[in-house]
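> This is entry-v9.cif (mmCIF, C-alpha atoms).
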data_my_file
loop_
_atom_site.label_atom_id
_atom_site.label_comp_id
_atom_site.auth_asym_id
_atom_site.auth_seq_id
_atom_site.Cartn_x
_atom_site.Cartn_y
_atom_site.Cartn_z
CA MET A 176 4.96 -8.70 20.12
CA MET A 177 1.85 -6.64 19.63
CA ASN A 178 0.28 -4.90 16.68
CA ALA A 179 0.08 -1.20 17.41
CA LEU A 180 -2.91 -0.70 15.13
CA VAL A 181 -5.95 -2.97 14.84
CA TYR A 182 -8.86 -2.55 12.43
CA LEU A 183 -12.53 -3.60 12.85
CA ARG A 184 -13.46 -6.45 15.23
CA ASP A 185 -15.00 -9.79 14.20
CA VAL A 186 -14.94 -9.39 10.43
CA VAL A 187 -12.09 -11.63 9.32
CA THR A 188 -12.72 -14.73 7.16
CA LEU A 189 -9.65 -16.66 8.35
CA SER A 190 -10.28 -20.31 9.23
CA LEU A 191 -7.92 -23.01 10.45
CA ASP A 192 -8.40 -26.78 10.35
CA GLN A 193 -6.10 -27.93 13.14
CA MET A 194 -6.59 -31.58 12.20
CA LYS A 195 -4.82 -30.96 8.88
CA CYS A 196 -2.00 -28.82 10.32
CA VAL A 197 1.41 -30.49 10.08
CA GLY A 198 3.14 -27.89 12.24
CA CYS A 199 5.69 -26.80 9.63
CA GLY A 200 5.42 -23.17 10.76
CA THR A 201 5.68 -21.57 7.32
CA CYS A 202 2.46 -19.62 7.97
CA LEU A 203 4.11 -18.02 10.99
CA HIS A 204 6.95 -16.80 8.80
CA VAL A 205 4.74 -15.15 6.20
CA CYS A 206 2.06 -13.63 8.48
CA PRO A 207 2.83 -9.89 8.81
CA HIS A 208 0.68 -9.44 11.91
CA ALA A 209 1.57 -12.34 14.22
CA VAL A 210 -1.98 -13.68 13.98
CA LEU A 211 -0.85 -17.29 14.40
CA SER A 212 1.27 -19.15 16.92
CA LEU A 213 2.67 -22.66 17.17
CA THR A 214 2.15 -24.72 20.33
CA ASN A 215 2.80 -28.45 20.71
CA GLY A 216 3.26 -28.93 16.99
CA LYS A 217 -0.04 -27.31 16.00
CA VAL A 218 -0.83 -23.83 14.79
CA GLU A 219 -3.39 -21.71 16.64
CA VAL A 220 -5.14 -18.44 15.76
CA THR A 221 -4.12 -16.15 18.60
CA ASP A 222 -4.91 -12.66 17.32
CA ARG A 223 -7.78 -13.00 14.84
CA ASP A 224 -8.71 -9.30 14.68
CA ALA A 225 -5.17 -8.44 13.59
CA CYS A 226 -5.58 -10.51 10.39
CA MET A 227 -5.65 -8.38 7.23
CA GLU A 228 -6.64 -11.25 4.93
CA CYS A 229 -3.53 -11.01 2.78
CA GLY A 230 -3.74 -14.76 2.19
CA ALA A 231 -0.03 -15.48 2.65
CA CYS A 232 -0.63 -18.20 5.27
CA ALA A 233 -3.18 -20.08 3.19
CA ARG A 234 -1.04 -19.80 0.05
CA ASN A 235 1.97 -21.25 1.87
CA CYS A 236 0.20 -24.01 3.79
CA PRO A 237 1.34 -27.32 2.30
CA ALA A 238 -1.45 -29.18 4.15
CA ASP A 239 -4.38 -26.98 3.05
CA ALA A 240 -5.21 -26.31 6.70
CA LEU A 241 -5.69 -22.55 6.38
CA HIS A 242 -8.35 -20.73 4.43
CA VAL A 243 -9.12 -17.04 4.01
CA ARG A 244 -11.06 -15.01 1.49
CA SER A 245 -8.06 -12.94 0.62
CA GLY A 246 -7.98 -9.52 -0.96
CA VAL A 247 -6.64 -6.03 -0.57
CA GLY A 248 -8.33 -3.93 2.10
CA CYS A 249 -8.54 -0.86 -0.11
CA ALA A 250 -11.65 1.32 -0.40
CA THR A 251 -10.53 2.73 -3.76
CA ALA A 252 -10.32 -0.79 -5.17
CA VAL A 253 -13.79 -1.63 -3.83
CA ILE A 254 -15.20 1.53 -5.44
CA ASN A 255 -13.43 0.72 -8.72
CA SER A 256 -14.89 -2.77 -8.75
CA MET A 257 -18.37 -1.36 -7.95
CA LEU A 258 -18.05 1.00 -10.91
CA GLY A 259 -16.84 -1.85 -13.11
CA ARG A 260 -13.42 -0.27 -13.65
CA LYS A 261 -10.82 -2.94 -14.29
CA LYS A 262 -7.69 -0.82 -14.40
CA SER A 263 -6.66 1.94 -12.08
CA SER A 264 -3.57 3.84 -11.12
CA CYS A 265 -4.03 2.39 -7.63
CA CYS A 266 -1.84 -0.65 -7.20
CA CYS A 267 -4.67 -2.77 -5.92
CA THR A 268 -7.63 -4.24 -7.78
CA ILE A 269 -10.26 -6.63 -6.55
CA GLU A 270 -11.58 -9.57 -8.47
CA PRO A 271 -15.39 -9.66 -8.57
CA GLU A 272 -16.88 -11.93 -5.92
CA SER A 273 -17.93 -15.24 -7.35
CA MET B 94 13.76 -25.48 -21.49
CA ALA B 95 12.73 -21.88 -21.29
CA GLN B 96 14.45 -19.27 -23.44
CA LEU B 97 17.45 -17.88 -21.59
CA SER B 98 17.54 -14.12 -21.22
CA LEU B 99 19.64 -11.64 -19.31
CA PRO B 100 18.73 -8.04 -18.46
CA SER B 101 20.29 -5.24 -20.48
CA LEU B 102 23.63 -3.78 -19.38
CA ASP B 103 22.42 -0.42 -20.65
CA GLN B 104 20.57 0.73 -17.54
CA PRO B 105 21.71 3.79 -15.59
CA PHE B 106 22.34 1.92 -12.30
CA VAL B 107 24.47 -0.85 -13.89
CA VAL B 108 28.15 -0.40 -12.93
CA GLY B 109 29.74 -3.33 -14.74
CA SER B 110 29.18 -6.95 -15.69
CA ILE B 111 30.00 -10.47 -14.55
CA GLN B 112 30.82 -13.21 -17.02
CA THR B 113 28.68 -16.34 -16.63
CA LEU B 114 27.98 -19.47 -18.67
CA PHE B 115 25.19 -17.65 -20.41
CA GLY B 116 26.82 -14.29 -21.02
CA LEU B 117 27.26 -11.02 -19.18
CA VAL B 118 25.12 -10.46 -16.10
CA PRO B 119 24.71 -6.78 -15.19
CA GLN B 120 26.51 -5.80 -12.03
CA VAL B 121 25.13 -3.32 -9.53
CA SER B 122 26.47 -1.61 -6.43
CA SER B 123 25.00 -1.36 -2.96
CA SER B 124 25.51 2.39 -2.87
CA LEU B 125 22.74 4.48 -4.33
CA VAL B 126 23.59 7.56 -6.30
CA TRP B 127 21.89 10.93 -6.58
CA GLY B 128 19.74 9.77 -9.52
CA ASP B 129 18.35 6.81 -7.52
CA ARG B 130 17.29 9.08 -4.67
CA LEU B 131 15.72 11.65 -6.97
CA GLY B 132 13.78 8.84 -8.68
CA ALA B 133 12.47 7.61 -5.33
CA PHE B 134 11.46 11.14 -4.34
CA LYS B 135 9.56 11.62 -7.60
CA ALA B 136 7.81 8.27 -7.26
CA ARG B 137 6.62 9.29 -3.76
CA TRP B 138 4.91 12.28 -5.37
CA GLY B 139 3.41 10.14 -8.11
CA ILE B 140 5.70 11.38 -10.90
CA GLY B 141 6.47 8.55 -13.31
CA ARG B 142 5.54 6.12 -10.53
CA MET B 143 4.05 3.51 -12.83
CA HIS B 144 7.14 3.42 -15.04
CA TYR B 145 9.80 3.34 -12.35
CA THR B 146 11.20 -0.04 -13.25
CA VAL B 147 14.27 -2.18 -13.74
CA GLU B 148 14.45 -4.93 -16.36
CA PRO B 149 13.49 -8.32 -14.90
CA GLY B 150 16.16 -11.00 -14.67
CA LEU B 151 19.40 -11.80 -12.90
CA TYR B 152 21.78 -9.17 -11.51
CA ALA B 153 25.07 -9.44 -9.68
CA LEU B 154 25.69 -7.47 -6.51
CA GLY B 155 29.45 -7.19 -6.04
CA LYS B 156 31.26 -10.30 -7.31
CA PRO B 157 29.05 -13.31 -6.61
CA ASP B 158 30.08 -16.91 -7.39
CA HIS B 159 28.29 -20.28 -7.46
CA GLN B 160 27.91 -20.32 -3.67
CA SER B 161 26.57 -16.80 -3.22
CA PRO B 162 23.05 -16.31 -1.86
CA ILE B 163 20.17 -15.37 -4.16
CA PHE B 164 17.76 -12.59 -3.21
CA VAL B 165 14.49 -12.23 -5.07
CA THR B 166 12.70 -8.90 -5.52
CA ALA B 167 10.19 -6.99 -7.67
CA ASN B 168 11.03 -4.85 -10.69
CA TYR B 169 9.77 -1.66 -9.04
CA LYS B 170 12.99 0.31 -8.89
CA MET B 171 12.42 1.41 -5.29
CA SER B 172 12.12 -2.26 -4.19
CA PHE B 173 15.31 -3.14 -6.07
CA ASP B 174 17.18 -0.16 -4.60
CA LYS B 175 16.08 -0.88 -1.03
CA LEU B 176 17.42 -4.42 -1.41
CA ARG B 177 20.86 -3.58 -2.80
CA GLU B 178 21.25 -0.64 -0.44
CA ALA B 179 20.79 -3.03 2.50
CA LEU B 180 23.67 -5.30 1.45
CA PRO B 181 26.88 -3.26 1.43
CA GLY B 182 30.07 -5.28 1.12
CA ARG B 183 28.27 -8.50 0.21
CA ASN B 184 28.39 -10.61 -2.93
CA ALA B 185 25.02 -11.92 -3.99
CA TRP B 186 22.73 -12.65 -6.90
CA ILE B 187 19.57 -10.58 -7.23
CA LEU B 188 16.74 -12.17 -9.16
CA VAL B 189 14.26 -9.51 -10.30
CA LEU B 190 10.76 -10.73 -11.13
CA ASP B 191 8.53 -9.05 -13.67
CA THR B 192 5.89 -7.46 -11.45
CA LYS B 193 4.99 -4.76 -13.98
CA GLY B 194 6.78 -2.14 -11.93
CA ILE B 195 4.72 -2.81 -8.80
CA ASN B 196 6.26 -3.23 -5.33
CA VAL B 197 6.63 -6.63 -3.67
CA TRP B 198 3.57 -6.58 -1.42
CA CYS B 199 1.06 -5.22 -3.92
CA ALA B 200 2.42 -7.49 -6.66
CA SER B 201 2.20 -10.58 -4.48
CA GLY B 202 -1.40 -9.66 -3.59
CA LYS B 203 -2.16 -9.50 -7.31
CA GLY B 204 -0.20 -12.69 -7.99
CA THR B 205 2.31 -11.12 -10.40
CA PHE B 206 5.00 -11.73 -7.76
CA GLY B 207 3.94 -15.34 -7.73
CA THR B 208 4.96 -18.98 -7.94
CA LYS B 209 4.65 -19.15 -11.72
CA GLU B 210 6.69 -16.01 -12.43
CA LEU B 211 9.38 -17.07 -9.93
CA VAL B 212 9.74 -20.59 -11.32
CA GLY B 213 9.82 -19.25 -14.88
CA ARG B 214 12.40 -16.60 -14.01
CA ILE B 215 14.67 -19.18 -12.29
CA LYS B 216 14.65 -21.18 -15.53
CA SER B 217 15.04 -18.25 -17.93
CA SER B 218 17.99 -16.88 -15.91
CA GLY B 219 19.85 -20.20 -15.98
CA LEU B 220 20.15 -20.11 -12.18
CA GLU B 221 20.48 -23.89 -11.92
CA GLU B 222 23.78 -23.68 -13.79
CA ILE B 223 25.02 -20.42 -12.33
CA VAL B 224 24.79 -21.51 -8.69
CA SER B 225 25.58 -24.88 -7.11
CA HIS B 226 23.14 -24.51 -4.18
CA ARG B 227 19.33 -24.58 -4.30
CA GLU B 228 18.21 -21.82 -1.95
CA LEU B 229 16.38 -18.53 -2.47
CA ILE B 230 15.75 -15.72 -0.03
CA LEU B 231 12.41 -13.99 -0.64
CA PRO B 232 10.97 -10.94 1.08
CA GLN B 233 8.37 -11.99 3.66
CA LEU B 234 5.73 -9.82 2.00
CA SER B 235 5.86 -11.92 -1.16
CA GLY B 236 4.01 -14.62 0.81
CA PRO B 237 0.52 -13.78 -0.56
CA GLY B 238 1.70 -14.64 -4.09
CA VAL B 239 4.33 -17.33 -3.65
CA ALA B 240 3.70 -20.87 -2.41
CA ALA B 241 7.07 -21.97 -1.03
CA HIS B 242 6.25 -25.68 -1.18
CA LEU B 243 5.19 -25.43 -4.84
CA VAL B 244 8.35 -23.53 -5.80
CA LYS B 245 10.38 -26.36 -4.26
CA LYS B 246 8.35 -28.94 -6.14
CA LEU B 247 8.49 -27.14 -9.49
CA SER B 248 12.05 -25.78 -9.49
CA GLY B 249 13.97 -27.65 -6.82
CA PHE B 250 14.77 -24.37 -5.07
CA LYS B 251 13.97 -24.01 -1.38
CA VAL B 252 12.35 -20.72 -0.47
CA THR B 253 13.35 -19.02 2.77
CA TYR B 254 11.27 -16.02 3.72
CA GLY B 255 13.50 -13.21 4.87
CA PRO B 256 12.45 -10.23 6.99
CA ILE B 257 9.82 -7.70 5.89
CA LEU B 258 12.34 -4.87 5.61
CA ALA B 259 15.43 -5.19 3.44
CA ALA B 260 17.22 -3.14 6.09
CA ASP B 261 16.94 -6.14 8.46
CA LEU B 262 18.71 -8.47 6.00
CA PRO B 263 22.24 -8.13 7.46
CA ALA B 264 20.95 -9.20 10.90
CA PHE B 265 18.94 -12.00 9.30
CA LEU B 266 21.99 -13.25 7.39
CA ASN B 267 24.18 -13.09 10.49
CA HIS B 268 21.72 -15.24 12.47
CA GLU B 269 21.61 -18.28 10.15
CA LEU B 270 18.62 -16.98 8.20
CA LYS B 271 16.45 -16.54 11.29
CA ALA B 272 14.20 -13.49 11.59
CA THR B 273 13.19 -12.14 14.98
CA PRO B 274 9.44 -11.69 15.69
CA GLU B 275 9.97 -7.93 15.36
CA MET B 276 11.32 -8.36 11.83
CA ARG B 277 8.20 -10.34 10.87
CA LEU B 278 5.71 -7.76 12.12
CA LYS B 279 4.47 -5.17 9.60
CA THR B 280 4.55 -1.83 11.32
CA PHE B 281 2.92 1.41 10.29
CA THR B 282 5.10 3.98 11.98
CA ILE B 283 4.73 7.73 11.67
CA ARG B 284 7.66 7.79 9.21
CA GLU B 285 6.06 5.14 7.03
CA ARG B 286 2.76 7.02 7.11
CA MET B 287 4.41 10.35 6.31
CA ALA B 288 6.01 8.84 3.21
CA LEU B 289 2.50 8.03 1.93
CA ILE B 290 0.97 11.47 2.51
CA PRO B 291 2.23 13.04 -0.76
CA MET B 292 0.38 10.41 -2.83
CA GLU B 293 -2.80 10.97 -0.80
CA VAL B 294 -2.60 14.74 -1.31
CA VAL B 295 -1.81 14.41 -5.02
CA GLY B 296 -4.79 12.05 -5.41
CA ALA B 297 -7.14 14.44 -3.60
CA LEU B 298 -5.89 17.50 -5.48
CA LYS B 299 -6.42 15.81 -8.85
CA VAL B 300 -10.14 16.03 -8.12
CA GLY B 301 -9.69 19.27 -6.20
CA PHE B 302 -8.24 21.06 -9.22
CA ILE B 303 -11.56 20.58 -11.00
CA VAL B 304 -13.91 21.08 -8.04
CA ILE B 305 -12.18 24.06 -6.40
CA PRO B 306 -12.31 26.45 -9.43
CA VAL B 307 -15.93 25.45 -10.11
CA LEU B 308 -16.96 26.27 -6.52
CA PHE B 309 -14.97 29.48 -6.63
CA LEU B 310 -16.65 30.66 -9.84
CA LEU B 311 -20.12 29.62 -8.68
CA ALA B 312 -19.70 31.57 -5.45
CA LEU B 313 -18.35 34.53 -7.38
CA PHE B 314 -21.29 34.70 -9.79
CA GLY B 315 -23.91 33.81 -7.18
CA ARG B 316 -22.76 36.58 -4.88
CA LEU B 317 -22.10 39.35 -7.41
CA GLY B 318 -25.30 41.02 -6.29
CA GLY B 319 -23.62 41.77 -2.96
CA GLY B 320 -20.61 43.42 -4.54
CA LEU B 321 -17.30 42.13 -5.87
CA THR B 322 -15.49 42.18 -2.53
CA SER B 323 -18.13 40.04 -0.88
CA ALA B 324 -18.22 37.68 -3.86
CA LEU B 325 -14.44 37.25 -3.78
CA HIS B 326 -14.57 36.71 -0.03
CA HIS B 327 -17.11 33.89 -0.33
CA GLY B 328 -15.33 32.31 -3.30
CA LEU B 329 -12.01 32.20 -1.47
CA PHE B 330 -13.74 30.97 1.66
CA SER B 331 -15.03 27.97 -0.33
CA VAL B 332 -11.52 27.20 -1.54
CA LEU B 333 -10.20 27.42 2.00
CA ASP B 334 -12.92 25.07 3.29
CA LEU B 335 -12.12 22.40 0.72
CA LEU B 336 -8.41 22.65 1.47
CA ILE B 337 -9.21 22.17 5.15
CA ALA B 338 -11.19 19.03 4.26
CA ILE B 339 -8.21 17.69 2.28
CA LEU B 340 -5.85 18.58 5.12
CA ALA B 341 -8.03 16.69 7.61
CA GLY B 342 -8.63 13.61 5.45
CA ALA B 343 -5.43 13.18 3.44
CA VAL B 344 -2.78 14.66 5.72
CA LEU B 345 -3.88 14.66 9.36
CA THR B 346 -5.67 11.29 9.27
CA PRO B 347 -2.57 9.41 8.03
CA LEU B 348 -0.30 11.41 10.32
CA LEU B 349 -2.34 11.03 13.50
CA LEU B 350 -3.84 7.60 12.69
CA PRO B 351 -3.19 5.77 15.98
CA TRP B 352 -4.31 8.68 18.13
CA VAL B 353 -7.56 9.62 16.42
CA PRO B 354 -10.47 7.78 18.04
CA GLY B 355 -12.45 5.17 16.10
CA ARG B 356 -11.38 1.99 14.31
CA ALA B 357 -13.08 2.73 11.00
CA PHE B 358 -10.97 5.11 8.90
CA SER B 359 -14.10 7.07 7.87
CA LEU B 360 -14.77 7.78 11.53
CA LYS B 361 -11.24 9.08 12.04
CA GLY B 362 -11.55 11.35 9.00
CA PHE B 363 -15.02 12.49 10.08
CA GLY B 364 -13.74 13.43 13.53
CA LEU B 365 -10.85 15.45 12.16
CA GLY B 366 -13.19 17.09 9.65
CA LEU B 367 -15.51 18.15 12.48
CA LEU B 368 -12.51 19.60 14.27
CA GLY B 369 -11.72 21.60 11.14
CA VAL B 370 -15.33 22.86 11.04
CA ALA B 371 -15.15 23.87 14.70
CA MET B 372 -12.03 25.93 14.03
CA LEU B 373 -13.64 27.60 11.02
CA MET B 374 -16.69 28.49 13.12
CA ILE B 375 -14.58 30.72 15.31
CA PHE B 376 -13.93 32.94 12.31
CA VAL B 377 -17.31 32.91 10.59
CA TRP B 378 -19.70 32.80 13.52
CA ASN B 379 -20.56 36.48 12.91
CA ASP B 380 -22.29 35.44 9.67
CA TRP B 381 -24.94 33.50 11.60
CA VAL B 382 -27.30 36.47 11.29
CA THR B 383 -28.60 36.27 7.74
CA TRP B 384 -30.28 33.24 6.16
CA SER B 385 -27.58 33.16 3.54
CA GLY B 386 -24.87 33.15 6.20
CA ARG B 387 -26.60 30.40 8.15
CA LEU B 388 -27.00 28.22 5.05
CA GLU B 389 -23.35 28.72 4.13
CA ILE B 390 -22.10 27.77 7.58
CA LEU B 391 -24.41 24.74 7.67
CA SER B 392 -23.31 23.65 4.21
CA TRP B 393 -19.69 23.36 5.34
CA VAL B 394 -20.75 21.51 8.48
CA PHE B 395 -21.94 18.82 6.07
CA LEU B 396 -19.34 19.15 3.29
CA ILE B 397 -16.06 19.20 5.21
CA PRO B 398 -16.56 16.11 7.38
CA ALA B 399 -18.07 14.18 4.44
CA THR B 400 -15.05 14.97 2.27
CA SER B 401 -12.47 14.25 4.93
CA ALA B 402 -14.23 11.00 5.90
CA TYR B 403 -14.18 9.88 2.26
CA LEU B 404 -10.49 10.73 1.83
CA ALA B 405 -9.61 8.99 5.09
CA MET B 406 -11.58 5.91 4.02
CA ASN B 407 -9.46 5.73 0.88
CA PHE B 408 -6.32 5.66 3.00
CA THR B 409 -7.23 2.04 3.86
CA GLY B 410 -5.58 1.14 0.55
CA ALA B 411 -2.23 2.49 1.64
CA SER B 412 -2.47 1.26 5.22
CA THR B 413 -0.76 -1.96 6.22
CA TYR B 414 -3.39 -3.63 8.39
CA THR B 415 -6.90 -3.27 6.95
CA SER B 416 -8.72 -6.40 5.73
CA LEU B 417 -11.00 -6.48 2.70
CA SER B 418 -13.86 -7.80 4.84
CA GLY B 419 -13.38 -4.88 7.20
CA VAL B 420 -13.23 -2.30 4.42
CA ARG B 421 -16.41 -3.70 2.87
CA LYS B 422 -18.16 -3.54 6.25
CA GLU B 423 -17.02 0.02 6.84
CA MET B 424 -18.07 1.13 3.35
CA ARG B 425 -21.57 -0.29 3.69
CA TRP B 426 -22.49 2.40 6.19
CA ALA B 427 -19.86 5.04 5.54
CA LEU B 428 -20.17 5.53 1.80
CA PRO B 429 -23.96 6.24 1.78
CA LEU B 430 -23.49 8.70 4.65
CA GLN B 431 -20.64 10.46 2.86
CA ILE B 432 -22.61 10.74 -0.37
CA GLY B 433 -25.77 11.79 1.48
CA SER B 434 -24.16 14.55 3.49
CA GLY B 435 -22.21 15.63 0.42
CA ILE B 436 -25.47 16.16 -1.47
CA VAL B 437 -27.16 17.93 1.46
CA GLY B 438 -24.10 20.14 1.84
CA MET B 439 -24.05 21.05 -1.85
CA ILE B 440 -27.76 21.98 -1.83
CA LEU B 441 -27.31 24.19 1.23
CA TRP B 442 -24.24 25.79 -0.27
CA LEU B 443 -25.92 26.55 -3.58
CA GLY B 444 -28.87 27.92 -1.62
CA SER B 445 -26.61 30.21 0.34
CA ASN B 446 -25.17 31.65 -2.87
CA PHE B 447 -28.25 32.05 -4.99
CA LEU B 448 -31.16 32.54 -2.57
CA THR B 449 -30.25 35.97 -1.35
#
Let me see the structure of the file written as structure tokens.

Amino acid sequence: MMNALVYLRDVVTLSLDQMKCVGCGTCLHVCPHAVLSLTNGKVEVTDRDACMECGACARNCPADALHVRSGVGCATAVINSMLGRKKSSCCCTIEPES
Amino acid sequence: MAQLSLPSLDQPFVVGSIQTLFGLVPQVSSSLVWGDRLGAFKARWGIGRMHYTVEPGLYALGKPDHQSPIFVTANYKMSFDKLREALPGRNAWILVLDTKGINVWCASGKGTFGTKELVGRIKSSGLEEIVSHRELILPQLSGPGVAAHLVKKLSGFKVTYGPILAADLPAFLNHELKATPEMRLKTFTIRERMALIPMEVVGALKVGFIVIPVLFLLALFGRLGGGLTSALHHGLFSVLDLLIAILAGAVLTPLLLPWVPGRAFSLKGFGLGLLGVAMLMIFVWNDWVTWSGRLEILSWVFLIPATSAYLAMNFTGASTYTSLSGVRKEMRWALPLQIGSGIVGMILWLGSNFLT
């Protein structure tokens, strides 16, 4: 299985602590871009550049092994947050970086 | 114990009702009617899109009983319709979360399709009494908002993530709730991209409706010295140029996305904008004799690619694979360039109209 479209290289904030991984595989079910794989009971990052930082894997990791600075990759939302607009007709908004 | 509440029976897509312990649950059918399709079409064009909702709560598809599966979805009507349409001839419960009329993926990214809302909605729908099992089927793309292990802990219900597309549900159900790798991969096919183009065009034209008449009138007045015909010609030419920029950035970039070179969306839009300029040049190259003509041609060399690059960059929001880190990186160099060449282009264009 391959992703037909891939965005910029080497930008993604995804990190995996393999020591914590319990191998439940839930992250594999929620990842929409087959970024992760499971071998010998541990998860591995196999296609890092395909990650879109949706945060589903980290949210569903019961062992706190996955971390990602999640958000919506939407230029309009970035512009809205730069202009200090909270609401927009666009479905995505971005919380200010802390 | 949360307050029990059931959705209203008085909604156009409700075909009947099912008696439960807590009252009448609205019943829906898996076949969409003309009104459902018209609603979806309008939403694609941005008409009433933010109010295209169903009431949150529990619905019955067919004649479900205490053993029937439970599917969870968002209260964006198109999400709800896609789900029931995919399940002809099946009896099931549909639990609709209050996502403020936003689709599953966007709502889960915001957290409105989230653990808290799901757990609360299970309680307020009386699901524990209505069904004897403890299993929920969620769309895969609700993962960013829902923590399956927490839902289990807080409600006792086990979350199973179904496929991305509702259309794959029958296959998923027939294979003991197993999704194939293909079902778990978010695609961005030409059909999916084409469905998004209307919203991109509508968004661009909202600004265009203000900018285009202003440019037209400026060109008209600036050029009146050269006669009405010439003024009209230049005014209409400006309108045409902006439409070409919108075509390149909001239509052709989404359509040709995988085949246009460059990873950054701005680069793709810029390339297609340049192509548009090159085609225009064939028709206006004769004007490269006067200073005014040269300035005008040059102004569009700056304005068209800047506009199309900006519009293409904004398509990252509708795309299914761009990361926030990537978009921020792209914008750091692309946005200043777009603004810069937009300003240069405007100065040249005004010069071409008024410095004759």
> Taking the file as I've supplied it (selection: the PyMOL selection byres ((chain B and resi 183) around 10)), which residues are included? Please answer as a PyMOL selection string.
chain B and resi 122-123+154-157+161-162+177+179-182+184-186+263
> Tell me as a ChimeraX atom specification which residues belonging to chain A come within 8 Å of chain B, counting only C-alpha atoms.
/A:176,178-183,186-188,204-209,225-232,234-237,245-253,264,266-268
> In terms of the shortest atom-to-atom distance over all atoms listed in the file, which of B:Val107, B:Val295, B:Ile290, B:Val224 is closest to Pro347 (chain B)?
B:Ile290
> To one decimal place, how far is CA of Glu219 (chain A) from CA of Lys195 (chain A) in Å?
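Computed distance, CA of Glu219 (chain A) to CA of Lys195 (chain A), equals 12.2 Å.
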> Between B:Gly364, B:Gly444, B:Pro100, B:Pro105, which is the closest to Leu311 (chain B) once you count only C-alpha atoms?
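Under the stated criterion, the closest residue is B:Gly444.
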> Take the PyMOL selection byres ((chain B and resi 148-152) around 7), run it mentally on this structure, and tell me the resulting residues as a ChimeraX atom specification.
/B:99-100,118-120,146-147,153-154,168,186-191,214,218
> Exactly which residues make up the result of the PyMOL selection byres ((chain B and resi 401) around 8) on this file, given as a list of chain:residue names?
B:Ala338, B:Ile339, B:Leu340, B:Ala341, B:Gly342, B:Ala343, B:Ser359, B:Gly362, B:Phe363, B:Leu365, B:Gly366, B:Ile397, B:Pro398, B:Ala399, B:Thr400, B:Ala402, B:Tyr403, B:Leu404, B:Ala405
> Keeping only C-alpha atoms, write the selected residues to a file as a PDB file, keeping the file's coordinate frame.

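Done, and the output landed in result_25.pdb:
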ATOM      1  CA  ALA B 338     -11.190  19.030   4.260  1.00  0.00           C
ATOM      2  CA  ILE B 339      -8.210  17.690   2.280  1.00  0.00           C
ATOM      3  CA  LEU B 340      -5.850  18.580   5.120  1.00  0.00           C
ATOM      4  CA  ALA B 341      -8.030  16.690   7.610  1.00  0.00           C
ATOM      5  CA  GLY B 342      -8.630  13.610   5.450  1.00  0.00           C
ATOM      6  CA  ALA B 343      -5.430  13.180   3.440  1.00  0.00           C
ATOM      7  CA  SER B 359     -14.100   7.070   7.870  1.00  0.00           C
ATOM      8  CA  GLY B 362     -11.550  11.350   9.000  1.00  0.00           C
ATOM      9  CA  PHE B 363     -15.020  12.490  10.080  1.00  0.00           C
ATOM     10  CA  LEU B 365     -10.850  15.450  12.160  1.00  0.00           C
ATOM     11  CA  GLY B 366     -13.190  17.090   9.650  1.00  0.00           C
ATOM     12  CA  ILE B 397     -16.060  19.200   5.210  1.00  0.00           C
ATOM     13  CA  PRO B 398     -16.560  16.110   7.380  1.00  0.00           C
ATOM     14  CA  ALA B 399     -18.070  14.180   4.440  1.00  0.00           C
ATOM     15  CA  THR B 400     -15.050  14.970   2.270  1.00  0.00           C
ATOM     16  CA  ALA B 402     -14.230  11.000   5.900  1.00  0.00           C
ATOM     17  CA  TYR B 403     -14.180   9.880   2.260  1.00  0.00           C
ATOM     18  CA  LEU B 404     -10.490  10.730   1.830  1.00  0.00           C
ATOM     19  CA  ALA B 405      -9.610   8.990   5.090  1.00  0.00           C
TER      20      ALA B 405
END
> Name the closest residue to Val244 (chain B) among the candidates B:Ile230, B:Val212, B:Val126, B:Leu448; distances are taken between atoms, counting only C-alpha atoms.
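Comparing B:Ile230, B:Val212, B:Val126, B:Leu448 against Val244 (chain B), the winner is B:Val212.
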> Which polymer residues have any atom within 10 Å of an atom of Leu125 (chain B), counting all atoms listed in the file, with same-chain residues fewer than 2 positions away left out, as a list in words?
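Once the nearby chain positions are removed, what remains is Phe106, Val121, Ser122, Ser123, Trp127, Gly128, Asp129, Arg130, Asp174, Lys175, Arg177 and Glu178 of chain B.
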> CA of Leu203 (chain A) and CA of Leu262 (chain B), how far apart in Å?
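Pair CA of Leu262 (chain B) / CA of Leu203 (chain A) returns 18.1 Å.
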> Enter the distance from CA of Leu258 (chain A) to CA of Ile436 (chain B), in Å, rounded to one decimal.
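Between CA of Leu258 (chain A) and CA of Ile436 (chain B) the gap works out to 19.3 Å.
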> Quick one: residues within 12 Å of region 318-330 of chain B, all atoms listed in the file, excluding same-chain residues fewer than 2 positions away - as a PyMOL selection string?
chain B and resi 305-316+332-337+373+376-377+380+385-386+389-390+393+442-443+445-449
> Using all atoms listed in the file for the distances, tell me which of B:Val197, B:Val382, B:Leu349, B:Ile283 is nearest to Leu258 (chain B).
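Of all the options, B:Val197 lies closest to Leu258 (chain B).
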> Identify which of the residues A:Cys202, A:Val210, A:Val243, A:Val197 lies closest to Met177 (chain A), counting only C-alpha atoms when measuring atom-to-atom distances.
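For Met177 (chain A), the nearest of the candidates is A:Val210.
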